[in-house]
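Enquirer: I am sharing work_34.cif, which consists of mmCIF, C-alpha atoms:
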data_coords
#
loop_
_atom_site.label_atom_id
_atom_site.label_comp_id
_atom_site.auth_asym_id
_atom_site.auth_seq_id
_atom_site.Cartn_x
_atom_site.Cartn_y
_atom_site.Cartn_z
CA MET A 1 0.00 0.00 0.00
CA SER A 2 1.43 3.40 -0.93
CA LYS A 3 1.89 5.96 1.85
CA GLY A 4 -0.89 8.22 0.65
CA ASP A 5 -3.70 5.59 0.51
CA LYS A 6 -6.68 6.32 2.69
CA LEU A 7 -9.06 3.40 3.26
CA GLU A 8 -12.34 3.49 5.11
CA VAL A 9 -14.99 0.78 5.33
CA LEU A 10 -18.54 1.88 6.11
CA ASP A 11 -19.43 -1.04 8.26
CA PHE A 12 -21.99 -2.91 10.33
CA TRP A 13 -20.57 -5.39 12.83
CA ALA A 14 -23.07 -8.20 12.14
CA SER A 15 -23.07 -7.95 8.35
CA PRO A 16 -21.40 -10.84 6.50
CA TYR A 17 -21.04 -8.52 3.52
CA CYS A 18 -18.96 -6.08 5.55
CA GLY A 19 -17.00 -8.99 7.05
CA ARG A 20 -15.79 -10.03 3.61
CA VAL A 21 -14.38 -6.64 2.80
CA LYS A 22 -12.48 -6.42 6.10
CA ILE A 23 -11.10 -9.97 5.76
CA ALA A 24 -9.86 -9.15 2.25
CA LEU A 25 -8.11 -6.00 3.48
CA GLU A 26 -6.57 -7.91 6.39
CA GLU A 27 -5.36 -10.62 3.99
CA LYS A 28 -3.62 -7.94 1.95
CA GLY A 29 -2.07 -6.40 5.05
CA VAL A 30 -3.59 -3.05 4.15
CA LYS A 31 -4.45 -0.49 6.84
CA TYR A 32 -8.03 0.72 6.98
CA VAL A 33 -10.55 2.35 9.29
CA ALA A 34 -13.93 0.69 9.90
CA SER A 35 -16.72 3.14 10.64
CA GLU A 36 -19.79 1.57 12.23
CA GLU A 37 -23.08 2.65 10.67
CA ASP A 38 -26.41 2.75 12.46
CA VAL A 39 -28.08 0.76 9.69
CA PHE A 40 -31.46 0.45 11.39
CA GLY A 41 -31.50 3.97 12.73
CA CYS A 42 -29.82 6.95 11.17
CA LYS A 43 -27.44 6.31 8.28
CA SER A 44 -24.56 8.76 8.01
CA ASP A 45 -24.46 11.45 5.34
CA LEU A 46 -21.27 9.83 4.12
CA LEU A 47 -23.05 6.53 3.52
CA LEU A 48 -25.99 8.17 1.77
CA LYS A 49 -23.59 10.16 -0.41
CA SER A 50 -21.28 7.21 -1.14
CA ASN A 51 -24.00 4.70 -1.95
CA PRO A 52 -26.97 6.84 -2.96
CA ILE A 53 -28.66 4.12 -5.01
CA HIS A 54 -28.80 1.28 -2.49
CA GLN A 55 -27.89 3.17 0.71
CA LYS A 56 -26.32 0.03 2.13
CA VAL A 57 -23.12 -1.10 3.76
CA PRO A 58 -20.43 -2.10 3.01
CA VAL A 59 -18.87 0.79 1.16
CA LEU A 60 -15.14 0.92 0.65
CA LEU A 61 -13.81 4.45 0.37
CA HIS A 62 -10.41 4.39 -1.31
CA ASN A 63 -8.98 7.89 -1.18
CA ASP A 64 -12.59 9.05 -0.83
CA LYS A 65 -13.74 7.19 -3.98
CA PRO A 66 -16.60 4.83 -3.13
CA ILE A 67 -16.80 1.23 -4.26
CA VAL A 68 -19.99 -0.66 -3.40
CA GLU A 69 -21.32 -4.26 -3.49
CA SER A 70 -19.18 -6.56 -1.37
CA ALA A 71 -18.16 -9.07 -4.07
CA ILE A 72 -17.20 -6.18 -6.36
CA ILE A 73 -15.23 -4.56 -3.51
CA VAL A 74 -13.28 -7.76 -2.77
CA THR A 75 -12.41 -8.15 -6.47
CA TYR A 76 -11.31 -4.51 -6.55
CA ILE A 77 -9.10 -5.03 -3.49
CA ASP A 78 -7.51 -8.05 -5.17
CA GLU A 79 -6.81 -6.06 -8.34
CA VAL A 80 -5.40 -2.97 -6.64
CA TRP A 81 -3.18 -4.96 -4.24
CA PRO A 82 -2.21 -7.93 -6.40
CA SER A 83 0.31 -9.60 -4.08
CA ASN A 84 -1.07 -12.59 -2.17
CA SER A 85 -3.67 -13.10 -4.87
CA LEU A 86 -7.19 -14.00 -3.73
CA LEU A 87 -8.59 -14.92 -7.13
CA PRO A 88 -7.15 -17.79 -9.19
CA THR A 89 -4.90 -16.91 -12.13
CA SER A 90 -6.53 -18.93 -14.89
CA ALA A 91 -9.59 -17.38 -16.53
CA TYR A 92 -11.57 -20.62 -16.23
CA ASP A 93 -10.81 -21.00 -12.53
CA ARG A 94 -11.77 -17.36 -11.99
CA ALA A 95 -15.08 -18.01 -13.72
CA GLN A 96 -15.68 -20.99 -11.44
CA ALA A 97 -14.81 -18.88 -8.37
CA ARG A 98 -17.18 -16.13 -9.53
CA PHE A 99 -19.90 -18.71 -10.06
CA TRP A 100 -19.69 -19.92 -6.47
CA VAL A 101 -19.46 -16.39 -5.09
CA ASP A 102 -22.58 -15.50 -7.06
CA TYR A 103 -24.32 -18.64 -5.76
CA ILE A 104 -23.38 -17.86 -2.16
CA ASP A 105 -24.62 -14.30 -2.61
CA LYS A 106 -27.93 -15.43 -4.04
CA LYS A 107 -28.62 -18.24 -1.61
CA VAL A 108 -26.90 -18.31 1.77
CA PHE A 109 -28.24 -15.24 3.54
CA GLU A 110 -31.68 -15.49 1.98
CA THR A 111 -32.26 -19.11 2.92
CA GLY A 112 -30.76 -18.35 6.32
CA ARG A 113 -33.28 -15.54 6.73
CA SER A 114 -36.10 -17.95 5.99
CA VAL A 115 -34.88 -19.93 9.01
CA TRP A 116 -34.44 -17.12 11.52
CA GLY A 117 -37.04 -14.75 10.13
CA SER A 118 -40.06 -17.03 10.22
CA ASN A 119 -41.92 -19.59 12.27
CA GLY A 120 -43.71 -22.90 11.81
CA GLU A 121 -43.94 -24.45 8.38
CA GLU A 122 -42.23 -21.53 6.66
CA ARG A 123 -39.22 -22.09 8.90
CA GLU A 124 -39.22 -25.82 8.15
CA VAL A 125 -39.14 -25.12 4.43
CA GLY A 126 -36.42 -22.53 4.98
CA THR A 127 -34.35 -25.01 6.96
CA ARG A 128 -34.60 -27.59 4.19
CA ASP A 129 -33.61 -24.96 1.63
CA PHE A 130 -30.63 -23.84 3.69
CA ILE A 131 -29.41 -27.41 4.13
CA GLU A 132 -29.66 -27.95 0.39
CA VAL A 133 -27.51 -24.86 -0.18
CA ILE A 134 -24.77 -25.97 2.22
CA LYS A 135 -24.81 -29.43 0.64
CA HIS A 136 -24.06 -27.81 -2.73
CA LEU A 137 -21.23 -25.89 -1.11
CA GLU A 138 -19.89 -29.08 0.44
CA GLU A 139 -19.91 -30.69 -3.00
CA ALA A 140 -18.04 -27.72 -4.46
CA LEU A 141 -15.46 -27.93 -1.67
CA GLY A 142 -14.97 -31.68 -2.14
CA GLU A 143 -11.75 -33.00 -0.61
CA LYS A 144 -9.92 -29.68 -0.89
CA ASN A 145 -8.74 -27.70 2.10
CA TYR A 146 -10.21 -24.53 0.66
CA PHE A 147 -12.62 -23.78 -2.18
CA GLY A 148 -9.73 -22.63 -4.38
CA GLY A 149 -7.53 -25.62 -3.53
CA GLU A 150 -4.60 -25.35 -1.16
CA ALA A 151 -4.78 -21.64 -0.52
CA PHE A 152 -7.45 -19.54 1.23
CA GLY A 153 -8.98 -17.29 -1.40
CA TYR A 154 -11.90 -15.38 -2.85
CA VAL A 155 -14.65 -17.99 -2.45
CA ASP A 156 -13.48 -18.83 1.07
CA ILE A 157 -13.65 -15.17 2.10
CA ILE A 158 -17.14 -14.75 0.66
CA ALA A 159 -18.40 -17.97 2.26
CA ILE A 160 -16.77 -17.76 5.70
CA SER A 161 -18.20 -14.29 6.27
CA HIS A 162 -21.61 -15.97 6.75
CA SER A 163 -20.42 -18.41 9.43
CA PRO A 164 -21.16 -16.17 12.46
CA TRP A 165 -24.85 -16.48 11.56
CA PHE A 166 -24.84 -20.29 11.44
CA LEU A 167 -25.30 -20.72 15.19
CA ALA A 168 -28.55 -18.72 14.96
CA TYR A 169 -29.74 -20.85 12.03
CA GLU A 170 -28.86 -24.05 13.90
CA LYS A 171 -30.57 -23.05 17.13
CA LEU A 172 -33.70 -21.71 15.48
CA GLY A 173 -33.86 -24.37 12.78
CA GLY A 174 -33.11 -27.23 15.17
CA PHE A 175 -30.28 -28.80 13.19
CA LYS A 176 -26.50 -29.03 13.21
CA ILE A 177 -24.47 -28.14 10.12
CA GLN A 178 -21.90 -30.76 11.19
CA ASP A 179 -24.50 -33.52 10.70
CA HIS A 180 -25.30 -32.54 7.13
CA THR A 181 -21.99 -31.19 5.83
CA PRO A 182 -19.02 -32.49 7.86
CA LYS A 183 -16.44 -31.31 5.29
CA LEU A 184 -17.88 -27.81 5.31
CA SER A 185 -17.80 -27.84 9.12
CA ALA A 186 -14.13 -28.80 9.05
CA TRP A 187 -13.49 -26.03 6.51
CA ILE A 188 -15.21 -23.50 8.81
CA LYS A 189 -12.91 -24.51 11.70
CA ARG A 190 -9.89 -24.29 9.38
CA CYS A 191 -10.82 -20.77 8.23
CA LEU A 192 -11.55 -19.54 11.74
CA LYS A 193 -7.92 -20.31 12.66
CA ARG A 194 -6.79 -17.74 10.11
CA GLU A 195 -5.73 -14.45 11.68
CA SER A 196 -7.72 -12.25 9.29
CA VAL A 197 -10.92 -14.24 9.85
CA ALA A 198 -10.53 -14.53 13.64
CA LYS A 199 -9.87 -10.80 13.89
CA VAL A 200 -12.81 -9.67 11.77
CA LEU A 201 -15.72 -12.03 12.30
CA PRO A 202 -18.11 -11.37 15.19
CA ASP A 203 -18.84 -13.91 17.93
CA PRO A 204 -21.70 -16.19 16.75
CA GLU A 205 -23.31 -15.96 20.20
CA LYS A 206 -23.47 -12.18 19.85
CA VAL A 207 -25.07 -12.57 16.39
CA TYR A 208 -27.57 -15.06 17.82
CA GLN A 209 -28.60 -12.58 20.52
CA PHE A 210 -28.92 -9.90 17.86
CA VAL A 211 -31.18 -12.17 15.80
CA LEU A 212 -33.36 -12.95 18.84
CA HIS A 213 -33.68 -9.26 19.57
CA PHE A 214 -34.56 -8.57 15.94
CA ARG A 215 -37.20 -11.33 16.02
CA LYS A 216 -38.75 -9.83 19.13
CA MET A 217 -38.82 -6.34 17.59
CA SER A 218 -40.39 -7.78 14.43
CA GLY A 219 -43.10 -9.54 16.42
CA LEU A 220 -41.88 -13.02 15.55
CA ASP A 221 -41.48 -13.98 19.21
CA MET B 1 -8.36 -24.77 -33.26
CA THR B 2 -10.49 -23.44 -30.43
CA GLU B 3 -14.13 -24.49 -30.20
CA VAL B 4 -16.81 -22.23 -28.80
CA LYS B 5 -20.46 -23.20 -28.43
CA LEU B 6 -23.26 -21.08 -27.02
CA HIS B 7 -26.38 -22.74 -25.67
CA GLY B 8 -29.20 -20.25 -25.23
CA PHE B 9 -32.57 -18.86 -26.09
CA TRP B 10 -32.72 -16.35 -28.96
CA TYR B 11 -35.21 -14.26 -26.94
CA SER B 12 -33.28 -14.11 -23.66
CA PRO B 13 -31.50 -10.86 -22.68
CA PHE B 14 -28.82 -12.95 -20.98
CA THR B 15 -28.11 -15.00 -24.11
CA LEU B 16 -28.13 -11.78 -26.13
CA LYS B 17 -25.51 -10.28 -23.82
CA VAL B 18 -23.17 -13.20 -24.51
CA LYS B 19 -23.94 -13.22 -28.25
CA TRP B 20 -23.19 -9.54 -28.63
CA THR B 21 -19.92 -10.00 -26.72
CA LEU B 22 -18.82 -12.83 -29.03
CA GLU B 23 -19.86 -10.90 -32.16
CA LEU B 24 -18.13 -7.68 -31.10
CA LYS B 25 -14.92 -9.58 -30.53
CA GLY B 26 -15.26 -11.48 -33.80
CA ILE B 27 -15.07 -14.85 -32.04
CA PRO B 28 -16.38 -17.71 -34.19
CA TYR B 29 -18.91 -19.83 -32.31
CA GLU B 30 -21.64 -22.38 -32.85
CA ASN B 31 -25.04 -21.16 -31.73
CA ILE B 32 -27.15 -23.94 -30.22
CA GLU B 33 -30.75 -22.91 -29.83
CA GLU B 34 -32.34 -24.58 -26.81
CA ASP B 35 -36.04 -25.17 -26.31
CA ARG B 36 -37.03 -23.99 -22.83
CA PHE B 37 -39.71 -26.69 -22.64
CA ASN B 38 -37.40 -29.42 -23.91
CA MET B 39 -33.80 -28.58 -23.04
CA SER B 40 -30.95 -30.82 -24.11
CA VAL B 41 -29.54 -33.18 -21.49
CA GLN B 42 -26.21 -31.36 -21.63
CA ILE B 43 -27.75 -28.29 -19.99
CA PHE B 44 -28.37 -30.29 -16.82
CA GLN B 45 -24.82 -31.66 -16.95
CA TYR B 46 -23.21 -28.29 -17.62
CA ASN B 47 -25.34 -26.34 -15.15
CA PRO B 48 -26.66 -28.73 -12.50
CA ILE B 49 -27.27 -25.93 -9.97
CA TYR B 50 -29.52 -23.65 -12.03
CA LYS B 51 -30.31 -25.88 -15.02
CA ARG B 52 -30.52 -22.88 -17.31
CA THR B 53 -28.91 -21.05 -20.19
CA PRO B 54 -26.91 -19.27 -21.44
CA ILE B 55 -24.03 -21.70 -21.24
CA LEU B 56 -20.77 -21.16 -23.09
CA VAL B 57 -18.75 -24.28 -23.79
CA HIS B 58 -15.14 -23.44 -24.58
CA ASP B 59 -13.09 -26.43 -25.76
CA GLY B 60 -15.46 -28.71 -23.88
CA LYS B 61 -15.41 -26.69 -20.62
CA PRO B 62 -18.76 -25.16 -19.61
CA LEU B 63 -19.29 -21.68 -18.21
CA CYS B 64 -22.58 -20.49 -16.73
CA GLU B 65 -24.25 -17.20 -15.84
CA SER B 66 -24.05 -14.47 -18.47
CA THR B 67 -22.09 -11.90 -16.43
CA ILE B 68 -19.46 -14.50 -15.57
CA ILE B 69 -19.33 -15.68 -19.19
CA VAL B 70 -18.76 -12.21 -20.64
CA GLU B 71 -15.99 -11.48 -18.16
CA TYR B 72 -14.35 -14.79 -19.09
CA ILE B 73 -14.59 -13.98 -22.81
CA ASP B 74 -12.99 -10.59 -22.22
CA GLN B 75 -10.10 -12.24 -20.38
CA ILE B 76 -9.45 -15.03 -22.88
CA TRP B 77 -9.85 -12.78 -25.93
CA PRO B 78 -8.46 -9.45 -24.68
CA GLU B 79 -8.41 -7.64 -28.06
CA ASN B 80 -11.10 -4.98 -28.26
CA PRO B 81 -11.60 -5.03 -24.48
CA LEU B 82 -15.18 -4.60 -23.32
CA PHE B 83 -14.33 -4.15 -19.64
CA PRO B 84 -12.43 -1.03 -18.55
CA ILE B 85 -8.72 -1.44 -17.84
CA ASP B 86 -8.64 0.78 -14.75
CA SER B 87 -9.62 -1.07 -11.54
CA TYR B 88 -11.98 1.63 -10.28
CA GLU B 89 -13.72 1.90 -13.65
CA ARG B 90 -14.02 -1.89 -13.69
CA ALA B 91 -15.68 -1.84 -10.27
CA LEU B 92 -18.14 0.78 -11.55
CA ALA B 93 -18.82 -1.26 -14.70
CA ARG B 94 -19.50 -4.38 -12.62
CA PHE B 95 -21.91 -2.37 -10.48
CA TRP B 96 -23.88 -1.16 -13.51
CA ILE B 97 -23.93 -4.61 -15.13
CA LYS B 98 -25.53 -5.97 -11.96
CA TYR B 99 -27.95 -3.05 -11.92
CA ALA B 100 -28.96 -3.80 -15.51
CA ASP B 101 -29.37 -7.51 -14.72
CA ASP B 102 -31.58 -6.61 -11.74
CA MET B 103 -34.08 -5.04 -14.13
CA VAL B 104 -35.07 -8.48 -15.36
CA SER B 105 -37.38 -9.26 -12.46
CA ALA B 106 -39.52 -6.18 -13.18
CA ILE B 107 -39.41 -6.96 -16.91
CA ARG B 108 -40.57 -10.53 -16.24
CA LEU B 109 -43.35 -9.26 -13.96
CA LEU B 110 -44.51 -6.99 -16.74
CA ALA B 111 -44.28 -9.72 -19.37
CA LEU B 112 -46.50 -11.96 -17.25
CA SER B 113 -48.80 -9.30 -15.82
CA SER B 114 -52.41 -10.46 -15.92
CA ASN B 115 -54.15 -7.23 -14.93
CA SER B 116 -53.58 -3.50 -15.14
CA GLU B 117 -52.64 -3.20 -11.46
CA GLU B 118 -49.77 -5.69 -11.91
CA GLN B 119 -48.80 -3.92 -15.11
CA VAL B 120 -48.61 -0.50 -13.48
CA LYS B 121 -46.60 -1.88 -10.56
CA ALA B 122 -44.10 -3.55 -12.88
CA ILE B 123 -43.72 -0.46 -15.08
CA GLU B 124 -43.09 1.67 -12.01
CA LYS B 125 -40.33 -0.70 -10.93
CA ILE B 126 -38.73 -0.44 -14.37
CA TRP B 127 -39.06 3.34 -14.24
CA GLU B 128 -37.26 3.37 -10.87
CA HIS B 129 -34.28 1.70 -12.52
CA LEU B 130 -34.39 3.91 -15.61
CA ARG B 131 -34.62 7.03 -13.43
CA VAL B 132 -31.45 6.08 -11.56
CA VAL B 133 -29.53 5.49 -14.79
CA GLU B 134 -30.91 8.65 -16.40
CA ASP B 135 -29.88 10.76 -13.41
CA ARG B 136 -26.49 9.21 -12.77
CA CYS B 137 -24.96 7.91 -15.96
CA PHE B 138 -25.18 10.70 -18.50
CA ASN B 139 -23.37 13.56 -16.79
CA ASP B 140 -20.39 13.35 -19.14
CA HIS B 141 -21.85 14.93 -22.26
CA GLU B 142 -18.76 14.03 -24.26
CA LYS B 143 -19.66 10.35 -23.99
CA LYS B 144 -21.91 8.79 -26.60
CA PHE B 145 -21.91 5.42 -24.89
CA PHE B 146 -21.15 4.05 -21.41
CA GLY B 147 -17.86 2.94 -22.96
CA GLY B 148 -17.09 6.38 -24.43
CA ASP B 149 -16.92 6.59 -28.24
CA THR B 150 -17.47 2.87 -28.60
CA ILE B 151 -19.76 0.52 -26.73
CA ASN B 152 -18.56 -1.56 -23.82
CA ILE B 153 -19.97 -4.25 -21.56
CA VAL B 154 -22.24 -1.79 -19.69
CA ASP B 155 -23.84 -0.72 -22.99
CA ILE B 156 -24.36 -4.40 -23.79
CA ALA B 157 -25.89 -5.11 -20.37
CA PHE B 158 -28.39 -2.26 -20.59
CA GLY B 159 -28.98 -2.73 -24.30
CA SER B 160 -30.03 -6.34 -23.85
CA MET B 161 -32.64 -5.33 -21.26
CA VAL B 162 -33.91 -2.31 -23.16
CA LYS B 163 -34.52 -4.41 -26.28
CA PHE B 164 -37.04 -6.43 -24.27
CA ILE B 165 -38.62 -3.33 -22.86
CA THR B 166 -39.32 -2.14 -26.41
CA VAL B 167 -40.98 -5.45 -27.23
CA LEU B 168 -43.19 -5.14 -24.15
CA GLU B 169 -44.10 -1.60 -25.16
CA ASP B 170 -45.42 -2.91 -28.48
CA ALA B 171 -47.03 -6.04 -27.10
CA LEU B 172 -48.86 -4.44 -24.21
CA GLU B 173 -49.33 -1.05 -25.88
CA VAL B 174 -47.68 0.83 -23.05
CA LYS B 175 -45.04 3.54 -23.02
CA ILE B 176 -42.01 2.81 -20.85
CA LEU B 177 -38.82 4.30 -22.30
CA GLU B 178 -40.46 7.68 -22.89
CA TYR B 179 -38.30 10.43 -24.36
CA GLU B 180 -39.86 13.09 -22.08
CA LYS B 181 -39.05 11.08 -18.96
CA PHE B 182 -35.65 9.69 -19.98
CA PRO B 183 -34.18 11.85 -22.76
CA HIS B 184 -30.55 10.80 -22.33
CA PHE B 185 -31.37 7.12 -21.98
CA HIS B 186 -33.62 7.33 -25.05
CA LEU B 187 -30.87 8.96 -27.11
CA TRP B 188 -28.30 6.46 -25.89
CA TYR B 189 -30.49 3.53 -26.95
CA ASN B 190 -31.06 5.00 -30.41
CA ASN B 191 -27.30 5.25 -30.86
CA PHE B 192 -26.71 1.82 -29.37
CA LYS B 193 -29.14 -0.10 -31.59
CA ASN B 194 -27.58 1.49 -34.67
CA VAL B 195 -24.07 0.22 -33.92
CA PRO B 196 -23.57 -2.10 -36.94
CA ILE B 197 -22.83 -5.34 -35.04
CA ILE B 198 -25.71 -4.72 -32.63
CA LYS B 199 -28.08 -3.86 -35.48
CA GLU B 200 -27.15 -7.08 -37.31
CA ASN B 201 -27.74 -9.10 -34.15
CA LEU B 202 -30.96 -7.67 -32.78
CA PRO B 203 -33.71 -10.26 -32.45
CA ASP B 204 -36.50 -9.50 -34.89
CA GLN B 205 -39.21 -7.37 -33.21
CA ASP B 206 -42.15 -9.18 -34.89
CA LYS B 207 -40.71 -12.56 -34.00
CA MET B 208 -40.30 -11.40 -30.40
CA LEU B 209 -43.87 -10.09 -30.29
CA ALA B 210 -45.20 -13.42 -31.54
CA PHE B 211 -43.09 -15.26 -29.00
CA LEU B 212 -44.28 -13.07 -26.14
CA LYS B 213 -47.91 -13.60 -27.18
CA PHE B 214 -47.32 -17.37 -27.29
CA SER B 215 -45.63 -17.34 -23.86
CA ARG B 216 -48.38 -15.28 -22.26
CA GLU B 217 -51.04 -17.60 -23.70
CA LYS B 218 -49.19 -20.63 -22.47
CA LEU B 219 -48.53 -19.28 -18.98
CA LEU B 220 -51.57 -17.08 -18.38
CA GLY B 221 -54.14 -18.59 -20.70
CA SER B 222 -54.46 -15.14 -22.32
CA SER B 223 -52.49 -12.72 -24.49
#
So, in terms of structure tokens, how does the structure I just supplied come out?

Expert:
Amino acid sequence: MSKGDKLEVLDFWASPYCGRVKIALEEKGVKYVASEEDVFGCKSDLLLKSNPIHQKVPVLLHNDKPIVESAIIVTYIDEVWPSNSLLPTSAYDRAQARFWVDYIDKKVFETGRSVWGSNGEEREVGTRDFIEVIKHLEEALGEKNYFGGEAFGYVDIIAISHSPWFLAYEKLGGFKIQDHTPKLSAWIKRCLKRESVAKVLPDPEKVYQFVLHFRKMSGLD
Amino acid sequence: MTEVKLHGFWYSPFTLKVKWTLELKGIPYENIEEDRFNMSVQIFQYNPIYKRTPILVHDGKPLCESTIIVEYIDQIWPENPLFPIDSYERALARFWIKYADDMVSAIRLLALSSNSEEQVKAIEKIWEHLRVVEDRCFNDHEKKFFGGDTINIVDIAFGSMVKFITVLEDALEVKILEYEKFPHFHLWYNNFKNVPIIKENLPDQDKMLAFLKFSREKLLGSS
């Protein structure tokens, strides 16, 4: 990182999408400031100005220029600081990585929400859907240590950022990820040992309490 | 000798995005038209997760999801680049491609709307998107296209969606891309559809209208 670079992440502690950005920056050894946003209350002027269309976190401000959408931000980080590459080198492998990142983005949080954000039959359906998603991820992982092979990379960062929410899904859905996807469980433990991941990701118990509070406020409990 | 095959639907904006990318780069390919109601077995092998097209098969290796495919094409065949070179500009381009792709749900809603209330709701959603682009993307008056003097991947992404909007305008007799509401967008599209390679590769409007009528009858029991 050159001396003049200024990096700020507009952040929310529980957001997996923000988690990814911070893990990527940590992996690159790049200094940044994380500014917590009050996403349910009053969003800062900076956030509204930096992401006027979606008004969401994360936003990466690189020398005051905003980059939005977490997968796009992580790719940007990898391109600007190319050492310790997060994406594979071959075009085909990159396409495969992007496919799984896109799948994770489309499916993990949404199916997870159908577990924690509902009750009764809706939750049962949501639980089944979520388990199907993690089974696909387990298949994609296969016998590898990481999604990209031997090295922790792009897909791993995108996927592991969701893991703090899994305890909430398990407790509310009444299942254990370990029982359905043992390889994925092992991969989670492996990733959590990584300094960048351990430093950035919130405590799953704290996320679970946050979810319970959210449920209560939404009238689900 | 490299072999490129494209499995898709002639009427899909996502297939069109890939087609235009291949044509603009002058990449020879075999076009394999799939039947949505009777897809070839290979589709399920190549794309077991989504079971859908477009699918690009390059020397036997399949690639899925149009945005991923076009980025792959641009990397493998870097001449006449369709993605910006600068990292920040690339990030912006990726943002707008996703924004264009996100229009499809409102377009689908409109295509399958069975009453005027659904129609109005869908059109308003499309207008929301068009308003954002109109307000944010045309501030540089020097630029004829999103790519500058020549079209790039963002032009292709929006162009593929707008083509379908024009078909819906004709089919449902509604006005969506109105000049008064979206003057810059309107002008951009007129320029875009007249780019020679795009013009040669635009699905025929009458054929699209007939197809939409057929689809609506099949899915809604009405036209």

Enquirer: How would you write, as a list in words, the residues chosen by the PyMOL selection byres ((chain B) within 7 of (chain A)) on this structure?

Expert: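 That expression, the PyMOL selection byres ((chain B) within 7 of (chain A)), corresponds here to Ile68, Tyr72, Gln75, Ile76, Ser87, Ala91 and Arg94 of chain B.
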
Enquirer: Given the choices B:Pro48, B:Glu134, B:Phe14, B:Lys213, which gets closest to Asp102 (chain B) if the distance is worked out from all atoms listed in the file?

Expert: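 Among the listed residues, the smallest separation from Asp102 (chain B) belongs to B:Phe14.
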
Enquirer: Could you please give me, as a ChimeraX atom specification, the residues of protein, DNA or RNA lying at most 12 Å from (-30.5, -29.5, 13.8) in the coordinate frame of the file, considering only C-alpha atoms?

Expert: /A:115,124,127-128,130-131,166-181

Enquirer: Please report the interatomic distance between CA of Val197 (chain A) and CA of Leu212 (chain A) in Å with one decimal.

Expert: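 Calculated distance between CA of Val197 (chain A) and CA of Leu212 (chain A) is 24.2 Å.
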
Enquirer: Which residues, written as a list of chain:residue names, have at least one atom at most 10 Å from region 137-144 of chain B, with all atoms listed in the file counted and residues fewer than 4 positions away on the same chain left out?

Expert: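 These residues fall inside the cut-off: B:Trp96, B:Val132, B:Val133, B:Gly148, B:Asp149, B:Thr150, B:Ile151, B:His184, B:Phe185, B:Leu187, B:Trp188, B:Asn191, B:Phe192.
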
Enquirer: Check which residues satisfy the PyMOL selection byres ((chain B and resi 58) around 12) in the file shown, then give them as a PDB file with C-alpha atoms, keeping the file's coordinate frame.

Expert:
ATOM      1  CA  ALA A  91      -9.590 -17.380 -16.530  1.00  0.00           C
ATOM      2  CA  TYR A  92     -11.570 -20.620 -16.230  1.00  0.00           C
TER       3      TYR A  92
ATOM      4  CA  MET B   1      -8.360 -24.770 -33.260  1.00  0.00           C
ATOM      5  CA  THR B   2     -10.490 -23.440 -30.430  1.00  0.00           C
ATOM      6  CA  GLU B   3     -14.130 -24.490 -30.200  1.00  0.00           C
ATOM      7  CA  VAL B   4     -16.810 -22.230 -28.800  1.00  0.00           C
ATOM      8  CA  LYS B   5     -20.460 -23.200 -28.430  1.00  0.00           C
ATOM      9  CA  LEU B   6     -23.260 -21.080 -27.020  1.00  0.00           C
ATOM     10  CA  HIS B   7     -26.380 -22.740 -25.670  1.00  0.00           C
ATOM     11  CA  ILE B  27     -15.070 -14.850 -32.040  1.00  0.00           C
ATOM     12  CA  PRO B  28     -16.380 -17.710 -34.190  1.00  0.00           C
ATOM     13  CA  TYR B  29     -18.910 -19.830 -32.310  1.00  0.00           C
ATOM     14  CA  GLU B  30     -21.640 -22.380 -32.850  1.00  0.00           C
ATOM     15  CA  TYR B  46     -23.210 -28.290 -17.620  1.00  0.00           C
ATOM     16  CA  ILE B  55     -24.030 -21.700 -21.240  1.00  0.00           C
ATOM     17  CA  LEU B  56     -20.770 -21.160 -23.090  1.00  0.00           C
ATOM     18  CA  VAL B  57     -18.750 -24.280 -23.790  1.00  0.00           C
ATOM     19  CA  ASP B  59     -13.090 -26.430 -25.760  1.00  0.00           C
ATOM     20  CA  GLY B  60     -15.460 -28.710 -23.880  1.00  0.00           C
ATOM     21  CA  LYS B  61     -15.410 -26.690 -20.620  1.00  0.00           C
ATOM     22  CA  PRO B  62     -18.760 -25.160 -19.610  1.00  0.00           C
ATOM     23  CA  LEU B  63     -19.290 -21.680 -18.210  1.00  0.00           C
ATOM     24  CA  CYS B  64     -22.580 -20.490 -16.730  1.00  0.00           C
ATOM     25  CA  ILE B  69     -19.330 -15.680 -19.190  1.00  0.00           C
ATOM     26  CA  TYR B  72     -14.350 -14.790 -19.090  1.00  0.00           C
ATOM     27  CA  ILE B  73     -14.590 -13.980 -22.810  1.00  0.00           C
ATOM     28  CA  ILE B  76      -9.450 -15.030 -22.880  1.00  0.00           C
ATOM     29  CA  TRP B  77      -9.850 -12.780 -25.930  1.00  0.00           C
TER      30      TRP B  77
END

Enquirer: Go ahead and compute the interatomic distance for CA of Leu219 (chain B) and CA of Phe37 (chain B), in Å to one decimal.

Expert: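 Pair CA of Leu219 (chain B) / CA of Phe37 (chain B) returns 12.1 Å.
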